[in-house]
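Content type PDB, C-alpha atoms, from the file structure_32.pdb:
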```pdb
ATOM      1  CA  MET A   8     160.350 -60.823 125.977  1.00  0.00           C
ATOM      2  CA  TYR A   9     158.962 -62.890 123.136  1.00  0.00           C
ATOM      3  CA  GLN A  10     155.381 -63.338 121.937  1.00  0.00           C
ATOM      4  CA  ASN A  11     155.646 -66.283 119.514  1.00  0.00           C
ATOM      5  CA  THR A  12     157.906 -69.174 118.469  1.00  0.00           C
ATOM      6  CA  ARG A  13     159.954 -67.087 116.011  1.00  0.00           C
ATOM      7  CA  GLU A  14     160.674 -64.458 118.654  1.00  0.00           C
ATOM      8  CA  LYS A  15     161.455 -67.177 121.228  1.00  0.00           C
ATOM      9  CA  LEU A  16     164.033 -68.723 118.890  1.00  0.00           C
ATOM     10  CA  ILE A  17     165.614 -65.323 118.187  1.00  0.00           C
ATOM     11  CA  PHE A  18     165.731 -64.392 121.878  1.00  0.00           C
ATOM     12  CA  THR A  19     167.059 -67.810 122.926  1.00  0.00           C
ATOM     13  CA  GLY A  20     169.689 -67.793 120.194  1.00  0.00           C
ATOM     14  CA  LEU A  21     170.911 -64.323 121.089  1.00  0.00           C
ATOM     15  CA  MET A  22     170.966 -64.996 124.829  1.00  0.00           C
ATOM     16  CA  CYS A  23     172.618 -68.359 124.435  1.00  0.00           C
ATOM     17  CA  GLY A  24     175.229 -66.952 122.056  1.00  0.00           C
ATOM     18  CA  VAL A  25     176.138 -64.059 124.331  1.00  0.00           C
ATOM     19  CA  MET A  26     176.286 -66.193 127.480  1.00  0.00           C
ATOM     20  CA  VAL A  27     178.236 -69.046 125.842  1.00  0.00           C
ATOM     21  CA  PHE A  28     180.771 -66.593 124.447  1.00  0.00           C
ATOM     22  CA  LEU A  29     181.191 -64.643 127.697  1.00  0.00           C
ATOM     23  CA  MET A  30     181.344 -67.677 129.982  1.00  0.00           C
ATOM     24  CA  SER A  31     183.703 -69.535 127.621  1.00  0.00           C
ATOM     25  CA  ALA A  32     185.945 -66.490 127.482  1.00  0.00           C
ATOM     26  CA  PHE A  33     185.855 -66.133 131.274  1.00  0.00           C
ATOM     27  CA  ASN A  34     186.766 -69.767 131.947  1.00  0.00           C
ATOM     28  CA  ILE A  35     189.396 -70.123 129.244  1.00  0.00           C
ATOM     29  CA  ILE A  36     191.108 -66.846 130.138  1.00  0.00           C
ATOM     30  CA  LEU A  37     191.211 -67.986 133.781  1.00  0.00           C
ATOM     31  CA  GLN A  38     192.965 -71.189 132.681  1.00  0.00           C
ATOM     32  CA  VAL A  39     195.476 -69.919 130.111  1.00  0.00           C
ATOM     33  CA  GLY A  40     195.471 -66.140 130.437  1.00  0.00           C
ATOM     34  CA  PHE A  41     194.537 -63.654 127.756  1.00  0.00           C
ATOM     35  CA  ASN A  42     196.543 -64.594 124.679  1.00  0.00           C
ATOM     36  CA  TRP A  43     196.095 -65.891 121.143  1.00  0.00           C
ATOM     37  CA  THR A  44     195.710 -69.446 122.419  1.00  0.00           C
ATOM     38  CA  ALA A  45     192.749 -68.329 124.525  1.00  0.00           C
ATOM     39  CA  VAL A  46     191.166 -66.488 121.594  1.00  0.00           C
ATOM     40  CA  ALA A  47     191.610 -69.509 119.316  1.00  0.00           C
ATOM     41  CA  THR A  48     190.194 -71.876 121.947  1.00  0.00           C
ATOM     42  CA  ILE A  49     187.169 -69.636 122.563  1.00  0.00           C
ATOM     43  CA  LEU A  50     186.396 -69.357 118.847  1.00  0.00           C
ATOM     44  CA  LYS A  51     187.033 -73.049 118.130  1.00  0.00           C
ATOM     45  CA  GLY A  52     184.692 -74.231 120.873  1.00  0.00           C
ATOM     46  CA  PHE A  53     181.951 -71.634 120.384  1.00  0.00           C
ATOM     47  CA  ILE A  54     179.779 -73.394 117.763  1.00  0.00           C
ATOM     48  CA  PRO A  55     179.552 -76.856 119.380  1.00  0.00           C
ATOM     49  CA  ILE A  56     179.019 -75.429 122.868  1.00  0.00           C
ATOM     50  CA  PHE A  57     176.462 -72.945 121.503  1.00  0.00           C
ATOM     51  CA  ILE A  58     174.487 -75.756 119.830  1.00  0.00           C
ATOM     52  CA  ILE A  59     174.466 -77.838 123.025  1.00  0.00           C
ATOM     53  CA  GLY A  60     173.486 -74.815 125.119  1.00  0.00           C
ATOM     54  CA  PHE A  61     170.766 -73.759 122.688  1.00  0.00           C
ATOM     55  CA  LEU A  62     169.194 -77.218 122.637  1.00  0.00           C
ATOM     56  CA  LEU A  63     169.413 -77.549 126.424  1.00  0.00           C
ATOM     57  CA  ASP A  64     167.825 -74.124 126.811  1.00  0.00           C
ATOM     58  CA  LEU A  65     164.944 -74.876 124.435  1.00  0.00           C
ATOM     59  CA  PHE A  66     164.102 -78.412 125.471  1.00  0.00           C
ATOM     60  CA  VAL A  67     165.192 -78.865 129.079  1.00  0.00           C
ATOM     61  CA  ILE A  68     166.323 -75.885 131.130  1.00  0.00           C
ATOM     62  CA  GLY A  69     163.823 -73.402 129.699  1.00  0.00           C
ATOM     63  CA  LYS A  70     160.943 -75.657 130.710  1.00  0.00           C
ATOM     64  CA  PHE A  71     162.478 -76.232 134.156  1.00  0.00           C
ATOM     65  CA  ALA A  72     163.044 -72.501 134.697  1.00  0.00           C
ATOM     66  CA  LYS A  73     159.509 -71.608 133.594  1.00  0.00           C
ATOM     67  CA  ALA A  74     158.025 -74.241 135.919  1.00  0.00           C
ATOM     68  CA  MET A  75     160.115 -73.060 138.871  1.00  0.00           C
ATOM     69  CA  GLN A  76     159.314 -69.411 138.164  1.00  0.00           C
ATOM     70  CA  SER A  77     155.587 -70.129 138.078  1.00  0.00           C
ATOM     71  CA  LYS A  78     155.833 -71.971 141.422  1.00  0.00           C
ATOM     72  CA  MET A  79     157.922 -69.292 143.134  1.00  0.00           C
ATOM     73  CA  VAL A  80     156.398 -66.075 141.748  1.00  0.00           C
ATOM     74  CA  LYS A  81     152.733 -65.164 141.852  1.00  0.00           C
ATOM     75  CA  PRO A  82     151.083 -64.513 138.455  1.00  0.00           C
ATOM     76  CA  ASP A  83     150.223 -60.928 139.446  1.00  0.00           C
ATOM     77  CA  ALA A  84     153.774 -60.130 140.660  1.00  0.00           C
ATOM     78  CA  HIS A  85     155.744 -57.224 139.188  1.00  0.00           C
ATOM     79  CA  ILE A  86     157.297 -58.040 135.798  1.00  0.00           C
ATOM     80  CA  MET A  87     160.854 -57.506 137.080  1.00  0.00           C
ATOM     81  CA  LYS A  88     160.285 -60.097 139.803  1.00  0.00           C
ATOM     82  CA  LYS A  89     159.212 -62.572 137.118  1.00  0.00           C
ATOM     83  CA  VAL A  90     162.194 -61.676 134.922  1.00  0.00           C
ATOM     84  CA  PHE A  91     164.684 -62.040 137.774  1.00  0.00           C
ATOM     85  CA  ALA A  92     163.208 -65.379 138.852  1.00  0.00           C
ATOM     86  CA  MET A  93     163.443 -66.649 135.287  1.00  0.00           C
ATOM     87  CA  GLN A  94     167.044 -65.425 135.009  1.00  0.00           C
ATOM     88  CA  PHE A  95     167.959 -67.085 138.305  1.00  0.00           C
ATOM     89  CA  PHE A  96     166.525 -70.485 137.369  1.00  0.00           C
ATOM     90  CA  MET A  97     167.936 -70.350 133.821  1.00  0.00           C
ATOM     91  CA  VAL A  98     171.407 -69.584 135.153  1.00  0.00           C
ATOM     92  CA  PHE A  99     171.039 -72.269 137.824  1.00  0.00           C
ATOM     93  CA  GLY A 100     170.091 -74.986 135.321  1.00  0.00           C
ATOM     94  CA  MET A 101     172.387 -73.951 132.497  1.00  0.00           C
ATOM     95  CA  CYS A 102     175.319 -73.478 134.850  1.00  0.00           C
ATOM     96  CA  ILE A 103     174.991 -76.998 136.236  1.00  0.00           C
ATOM     97  CA  CYS A 104     174.637 -78.584 132.783  1.00  0.00           C
ATOM     98  CA  MET A 105     177.216 -76.564 130.869  1.00  0.00           C
ATOM     99  CA  THR A 106     179.835 -76.478 133.618  1.00  0.00           C
ATOM    100  CA  THR A 107     179.544 -80.222 134.185  1.00  0.00           C
ATOM    101  CA  LEU A 108     179.746 -80.930 130.457  1.00  0.00           C
ATOM    102  CA  THR A 109     182.740 -78.700 129.764  1.00  0.00           C
ATOM    103  CA  THR A 110     184.613 -79.794 132.905  1.00  0.00           C
ATOM    104  CA  PHE A 111     184.314 -83.453 131.949  1.00  0.00           C
ATOM    105  CA  MET A 112     185.197 -82.633 128.317  1.00  0.00           C
ATOM    106  CA  HIS A 113     188.434 -80.945 129.390  1.00  0.00           C
ATOM    107  CA  PHE A 114     189.474 -83.061 132.386  1.00  0.00           C
ATOM    108  CA  GLY A 115     187.829 -86.459 131.857  1.00  0.00           C
ATOM    109  CA  PHE A 116     185.727 -88.448 134.317  1.00  0.00           C
ATOM    110  CA  THR A 117     188.352 -89.976 136.582  1.00  0.00           C
ATOM    111  CA  GLY A 118     190.225 -88.735 139.581  1.00  0.00           C
ATOM    112  CA  ILE A 119     189.122 -86.869 142.648  1.00  0.00           C
ATOM    113  CA  GLU A 120     190.672 -83.688 141.237  1.00  0.00           C
ATOM    114  CA  VAL A 121     188.012 -83.541 138.519  1.00  0.00           C
ATOM    115  CA  TYR A 122     185.233 -83.427 141.086  1.00  0.00           C
ATOM    116  CA  GLN A 123     187.043 -80.798 143.128  1.00  0.00           C
ATOM    117  CA  ILE A 124     187.526 -78.704 139.995  1.00  0.00           C
ATOM    118  CA  LEU A 125     183.855 -79.214 139.114  1.00  0.00           C
ATOM    119  CA  ALA A 126     182.647 -78.097 142.550  1.00  0.00           C
ATOM    120  CA  ILE A 127     184.783 -74.950 142.545  1.00  0.00           C
ATOM    121  CA  THR A 128     183.934 -74.153 138.936  1.00  0.00           C
ATOM    122  CA  LEU A 129     180.191 -74.619 139.505  1.00  0.00           C
ATOM    123  CA  VAL A 130     180.114 -72.104 142.335  1.00  0.00           C
ATOM    124  CA  ARG A 131     182.325 -69.601 140.526  1.00  0.00           C
ATOM    125  CA  ASN A 132     180.428 -69.929 137.245  1.00  0.00           C
ATOM    126  CA  PHE A 133     177.046 -69.548 138.929  1.00  0.00           C
ATOM    127  CA  VAL A 134     178.049 -66.250 140.530  1.00  0.00           C
ATOM    128  CA  VAL A 135     179.653 -64.882 137.364  1.00  0.00           C
ATOM    129  CA  ALA A 136     176.848 -66.098 135.067  1.00  0.00           C
ATOM    130  CA  LEU A 137     174.136 -64.601 137.279  1.00  0.00           C
ATOM    131  CA  ILE A 138     175.907 -61.229 137.345  1.00  0.00           C
ATOM    132  CA  LEU A 139     176.428 -61.344 133.564  1.00  0.00           C
ATOM    133  CA  GLN A 140     172.818 -62.384 132.988  1.00  0.00           C
ATOM    134  CA  VAL A 141     171.258 -59.721 135.211  1.00  0.00           C
ATOM    135  CA  PHE A 142     173.488 -56.749 134.434  1.00  0.00           C
ATOM    136  CA  ILE A 143     175.044 -57.285 130.992  1.00  0.00           C
ATOM    137  CA  ALA A 144     173.676 -60.043 128.740  1.00  0.00           C
ATOM    138  CA  GLY A 145     170.038 -59.785 129.815  1.00  0.00           C
ATOM    139  CA  PRO A 146     169.599 -56.050 129.221  1.00  0.00           C
ATOM    140  CA  ILE A 147     171.614 -56.076 125.980  1.00  0.00           C
ATOM    141  CA  VAL A 148     169.807 -59.095 124.497  1.00  0.00           C
ATOM    142  CA  ARG A 149     166.355 -57.802 125.478  1.00  0.00           C
ATOM    143  CA  ASN A 150     167.171 -54.455 123.833  1.00  0.00           C
ATOM    144  CA  VAL A 151     168.516 -56.049 120.648  1.00  0.00           C
ATOM    145  CA  ALA A 152     165.647 -58.577 120.475  1.00  0.00           C
ATOM    146  CA  GLN A 153     163.038 -55.834 120.762  1.00  0.00           C
ATOM    147  CA  ARG A 154     164.660 -54.008 117.856  1.00  0.00           C
ATOM    148  CA  ILE A 155     164.651 -57.182 115.754  1.00  0.00           C
ATOM    149  CA  TYR A 156     160.995 -58.004 116.440  1.00  0.00           C
TER     150      TYR A 156
END
```

Translate this file's structure into structure tokens.
Amino acid sequence: MYQNTREKLIFTGLMCGVMVFLMSAFNIILQVGFNWTAVATILKGFIPIFIIGFLLDLFVIGKFAKAMQSKMVKPDAHIMKKVFAMQFFMVFGMCICMTTLTTFMHFGFTGIEVYQILAITLVRNFVVALILQVFIAGPIVRNVAQRIY
């Protein structure tokens, strides 16, 4: 993990970038299949979604996740228990915010179908994001971040 503000920004940027890319790719490929349109859509939307995700992570969800982790996990608990709790609450918060934002961006705010799509997408994205966070993005980003520090 990080020890100071510089390391926090590096870690958050890396994690946010990896998760935004992977989750965008997952959702877009589910909608249109794996083709050049999907690749173009993923790349075109990456920067704005990354910026929104990064800011949410730093100023809202990160604080929420840290507060929830400190309430749910004892200070003397094993480090992996703390890490997993933090991952769970980060995914929970970011999934709600980012899925809601992108669903409304793509489908608008009206119609019962939008809310049905949102409900299904929230559940699906939470499961996929948690698996990605715990088994792929988390270990890779922690390894890369430690090499950068």

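Here atom CA of Tyr9 of chain A stands at a distance of 15.8 Å from atom CA of Met97 of chain A.
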
Report as JSON, numbers by chain all protein, DNA and RNA residues lying within 8 Å of Val148 of chain A, evaluated on all atoms listed in the file, omitting residues in the same chain fewer than 3 positions from it. {"A": [18, 21, 22, 144, 145, 151, 152]}

Expected file contents, prior selection, C-alpha atoms, as a PDB file, keeping the file's coordinate frame:
```pdb
ATOM      1  CA  PHE A  18     165.731 -64.392 121.878  1.00  0.00           C
ATOM      2  CA  LEU A  21     170.911 -64.323 121.089  1.00  0.00           C
ATOM      3  CA  MET A  22     170.966 -64.996 124.829  1.00  0.00           C
ATOM      4  CA  ALA A 144     173.676 -60.043 128.740  1.00  0.00           C
ATOM      5  CA  GLY A 145     170.038 -59.785 129.815  1.00  0.00           C
ATOM      6  CA  VAL A 151     168.516 -56.049 120.648  1.00  0.00           C
ATOM      7  CA  ALA A 152     165.647 -58.577 120.475  1.00  0.00           C
TER       8      ALA A 152
END
```

Test item: residues at most 8 Å from segment 91-93 of chain A, only C-alpha atoms, excluding those fewer than 4 positions along its chain, as an NGL selection string: :A and (72-73 or 76 or 79-80 or 87 or 97 or 141)

Pull C-alpha atoms from the residues just selected and write them as a short mmCIF file (atom, residue, chain, number, x, y, z; two decimals), in the frame of the given file.
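And here is the file that came out, result.cif:
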```cif
data_model
loop_
_atom_site.label_atom_id
_atom_site.label_comp_id
_atom_site.auth_asym_id
_atom_site.auth_seq_id
_atom_site.Cartn_x
_atom_site.Cartn_y
_atom_site.Cartn_z
CA ALA A 72 163.04 -72.50 134.70
CA LYS A 73 159.51 -71.61 133.59
CA GLN A 76 159.31 -69.41 138.16
CA MET A 79 157.92 -69.29 143.13
CA VAL A 80 156.40 -66.08 141.75
CA MET A 87 160.85 -57.51 137.08
CA MET A 97 167.94 -70.35 133.82
CA VAL A 141 171.26 -59.72 135.21
#
```

Using the chain letters and residue numbers of this document, give as a list of chain:residue names the residues selected by the PyMOL selection byres ((chain A and resi 131) around 12).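 When the PyMOL selection byres ((chain A and resi 131) around 12) is applied to the shown file, the picked residues are A:Met30, A:Phe33, A:Asn34, A:Leu37, A:Phe99, A:Cys102, A:Ile103, A:Thr106, A:Ile124, A:Leu125, A:Ala126, A:Ile127, A:Thr128, A:Leu129, A:Val130, A:Asn132, A:Phe133, A:Val134, A:Val135, A:Ala136, A:Leu137, A:Ile138.
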
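For the pair atom CA of Leu29 of chain A and atom CA of Leu139 of chain A, the separation is 8.2 Å.
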
Hey, what comes out of the PyMOL selection byres ((chain A and resi 61) around 10) on this file? Could you write it as number ranges by chain? A: 16, 19-24, 27, 55-60, 62-69, 101

Writer output for current selection, C-alpha atoms, as a PDB file, keeping the file's coordinate frame:
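Final output, saved to again_28.pdb:
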```pdb
ATOM      1  CA  LEU A  16     164.033 -68.723 118.890  1.00  0.00           C
ATOM      2  CA  THR A  19     167.059 -67.810 122.926  1.00  0.00           C
ATOM      3  CA  GLY A  20     169.689 -67.793 120.194  1.00  0.00           C
ATOM      4  CA  LEU A  21     170.911 -64.323 121.089  1.00  0.00           C
ATOM      5  CA  MET A  22     170.966 -64.996 124.829  1.00  0.00           C
ATOM      6  CA  CYS A  23     172.618 -68.359 124.435  1.00  0.00           C
ATOM      7  CA  GLY A  24     175.229 -66.952 122.056  1.00  0.00           C
ATOM      8  CA  VAL A  27     178.236 -69.046 125.842  1.00  0.00           C
ATOM      9  CA  PRO A  55     179.552 -76.856 119.380  1.00  0.00           C
ATOM     10  CA  ILE A  56     179.019 -75.429 122.868  1.00  0.00           C
ATOM     11  CA  PHE A  57     176.462 -72.945 121.503  1.00  0.00           C
ATOM     12  CA  ILE A  58     174.487 -75.756 119.830  1.00  0.00           C
ATOM     13  CA  ILE A  59     174.466 -77.838 123.025  1.00  0.00           C
ATOM     14  CA  GLY A  60     173.486 -74.815 125.119  1.00  0.00           C
ATOM     15  CA  LEU A  62     169.194 -77.218 122.637  1.00  0.00           C
ATOM     16  CA  LEU A  63     169.413 -77.549 126.424  1.00  0.00           C
ATOM     17  CA  ASP A  64     167.825 -74.124 126.811  1.00  0.00           C
ATOM     18  CA  LEU A  65     164.944 -74.876 124.435  1.00  0.00           C
ATOM     19  CA  PHE A  66     164.102 -78.412 125.471  1.00  0.00           C
ATOM     20  CA  VAL A  67     165.192 -78.865 129.079  1.00  0.00           C
ATOM     21  CA  ILE A  68     166.323 -75.885 131.130  1.00  0.00           C
ATOM     22  CA  GLY A  69     163.823 -73.402 129.699  1.00  0.00           C
ATOM     23  CA  MET A 101     172.387 -73.951 132.497  1.00  0.00           C
TER      24      MET A 101
END
```

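The space separating atom CA of Ile35 of chain A from atom CA of Ile49 of chain A comes to 7.1 Å.
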
Judged by all atoms listed in the file, the minimum distance to Asn11 of chain A among A:Phe111, A:Tyr156, A:Trp43, A:Phe28 is found for A:Tyr156

Between A:Ile17, A:Met112, A:Ala45, A:Val39, which residue has the minimum interatomic distance to Arg149 of chain A, considering all atoms listed in the file?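 Smallest separation from Arg149 of chain A among the options: A:Ile17.
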
Using all atoms listed in the file, pick whichever of A:Thr12, A:Ser77, A:Thr44, A:Thr109 has the shortest atom-to-atom distance to Ser31 of chain A.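 The answer is A:Thr109, which sits nearest to Ser31 of chain A.
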
Nearest candidate to Gln153 of chain A (options A:Lys15, A:Val46, A:Cys104, A:Tyr122; using all atoms listed in the file): A:Lys15
